[in-house]
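Listing of final-v2.txt, compact mmCIF, C-alpha atoms
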```
# COMPACT_ATOMS: atom_id res chain seq x y z
CA MET A 456 17.34 18.36 -3.23
CA ARG A 457 16.51 14.75 -2.42
CA HIS A 458 19.21 13.51 -4.79
CA ALA A 459 21.77 15.76 -3.11
CA SER A 460 20.83 14.34 0.30
CA LEU A 461 21.18 10.80 -1.00
CA ALA A 462 24.55 11.62 -2.52
CA LEU A 463 25.80 13.11 0.75
CA PHE A 464 24.52 10.07 2.67
CA ALA A 465 26.27 7.70 0.26
CA LEU A 466 29.50 9.69 0.55
CA ALA A 467 29.31 9.67 4.36
CA CYS A 468 28.70 5.93 4.38
CA SER A 469 31.58 5.20 2.02
CA THR A 470 33.91 7.39 4.08
CA GLU A 471 32.82 5.68 7.29
CA ALA A 472 33.20 2.23 5.73
CA GLU A 473 36.68 3.17 4.49
CA THR A 474 37.61 4.43 7.96
CA ASP A 475 36.24 1.25 9.55
CA GLU A 476 38.49 -0.75 7.23
CA VAL A 477 41.43 1.49 8.18
CA CYS A 478 40.62 1.08 11.90
CA ASP A 479 40.36 -2.69 11.42
CA THR A 480 43.78 -2.86 9.75
CA MET A 481 45.38 -0.53 12.29
CA CYS A 482 43.93 -2.45 15.24
CA GLN A 483 45.04 -5.78 13.85
CA GLU A 484 48.56 -4.35 13.69
CA LEU A 485 48.43 -2.83 17.19
CA VAL A 486 46.63 -5.63 19.05
CA MET A 487 47.37 -8.83 17.16
CA THR A 488 50.84 -8.16 15.72
CA CYS A 489 52.44 -5.71 18.16
CA GLU A 490 50.48 -6.66 21.29
CA TYR A 491 50.47 -2.93 22.09
CA ALA A 492 49.64 -2.63 25.81
CA ALA A 493 47.55 0.54 25.44
CA TYR A 494 44.79 -1.59 23.92
CA PRO A 495 43.94 -4.67 26.00
CA SER A 496 41.54 -5.89 23.30
CA TYR A 497 40.77 -5.48 19.64
CA GLU A 498 37.39 -3.93 20.52
CA SER A 499 38.98 -1.25 22.70
CA CYS A 500 41.30 -0.35 19.84
CA VAL A 501 38.43 -0.03 17.36
CA GLN A 502 36.54 2.17 19.84
CA GLY A 503 39.63 4.35 20.29
CA CYS A 504 40.04 4.63 16.53
CA ALA A 505 36.38 5.63 16.09
CA PHE A 506 36.76 8.23 18.84
CA SER A 507 39.89 9.61 17.20
CA ARG A 508 38.01 9.93 13.90
CA GLN A 509 35.12 11.76 15.64
CA GLU A 510 37.57 14.17 17.25
CA GLY A 511 39.15 15.02 13.90
CA GLY A 512 42.12 12.66 13.90
CA ASN A 513 43.44 11.49 10.55
CA VAL A 514 43.11 7.73 11.08
CA LYS A 515 44.34 6.87 7.58
CA ARG A 516 47.62 8.72 8.10
CA GLU A 517 47.88 7.36 11.65
CA ALA A 518 47.37 3.79 10.40
CA ASP A 519 50.02 4.24 7.70
CA CYS A 520 52.43 5.67 10.27
CA ILE A 521 51.77 2.77 12.68
CA ALA A 522 52.37 0.20 9.93
CA ALA A 523 55.70 1.87 9.17
CA ALA A 524 56.59 1.90 12.89
CA GLU A 525 56.95 -1.90 12.84
CA CYS A 526 55.85 -2.34 16.49
CA ASP A 527 58.31 0.24 17.86
CA THR A 528 56.38 1.60 20.87
CA PHE A 529 58.00 5.03 20.75
CA ALA A 530 57.28 5.38 17.03
CA ILE A 531 53.65 4.30 17.60
CA VAL A 532 53.26 6.98 20.28
CA ASP A 533 54.71 9.53 17.85
CA CYS A 534 52.14 8.44 15.25
CA GLU A 535 49.33 8.94 17.75
CA HIS A 536 50.56 12.42 18.62
CA GLN A 537 51.10 13.39 15.00
CA TRP A 538 47.86 12.07 13.46
CA GLY A 539 45.44 11.10 16.28
CA GLN A 540 42.77 13.19 17.98
CA ASP A 541 45.39 15.03 20.08
CA ALA A 542 46.85 16.45 16.87
CA ALA A 543 43.42 17.61 15.74
CA THR A 544 42.49 19.28 19.02
CA GLY A 545 45.92 20.58 19.92
CA ASP A 546 45.84 18.71 23.26
CA GLU A 547 48.97 17.14 24.66
```

As structure tokens:
Amino acid sequence: MRHASLALFALACSTEAETDEVCDTMCQELVMTCEYAAYPSYESCVQGCAFSRQEGGNVKREADCIAAAECDTFAIVDCEHQWGQDAATGDE
């Protein structure tokens, strides 16, 4: 049982670390490259990404979508609606 708990902990940590890397890449794109006004700072973007992940958003797919959007604000908003926490909760 102890080994199973350690394995689950290791899996959770690797998933979180992977998501943190995804959030980092996505926020660099949004804040540094696109200067996306919804995030006044890199830190606020990372917090938003972490919240989206907690609410069931698919941050990996959202990050890929945002990278493909090439700083087009309307496309970025579409990515957020399609893959962010709103998509997971069904909220508009």

### Query
Which residue out of A:Ile531, A:Glu525, A:Ala542, A:Val514 has the minimum interatomic distance to Thr488 in chain A when only C-alpha atoms are used?
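Residue with the minimum atom-to-atom distance to Thr488 in chain A: A:Glu525.
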
### Neighbours of point (39.2, 6.3, 17.4) within 10 Å, using all atoms listed in the file, written as a ChimeraX atom specification
/A:474-475,478,499-514,539-540

### Task
Could you check how far CA of Ala530 in chain A sits from CA of Glu498 in chain A, in Å to one decimal?
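Distance reported for this atom pair: 22.2 Å.
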
## Note on the structure
Of A:Cys489, A:Tyr497, A:Gln483, A:Arg516, the one sitting nearest Trp538 in chain A when using all atoms listed in the file is A:Arg516

### Message
Just the number, please: distance in Å from CA of Thr528 in chain A to CA of Glu476 in chain A, one decimal.
### Response
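These two atoms are separated by 22.6 Å.
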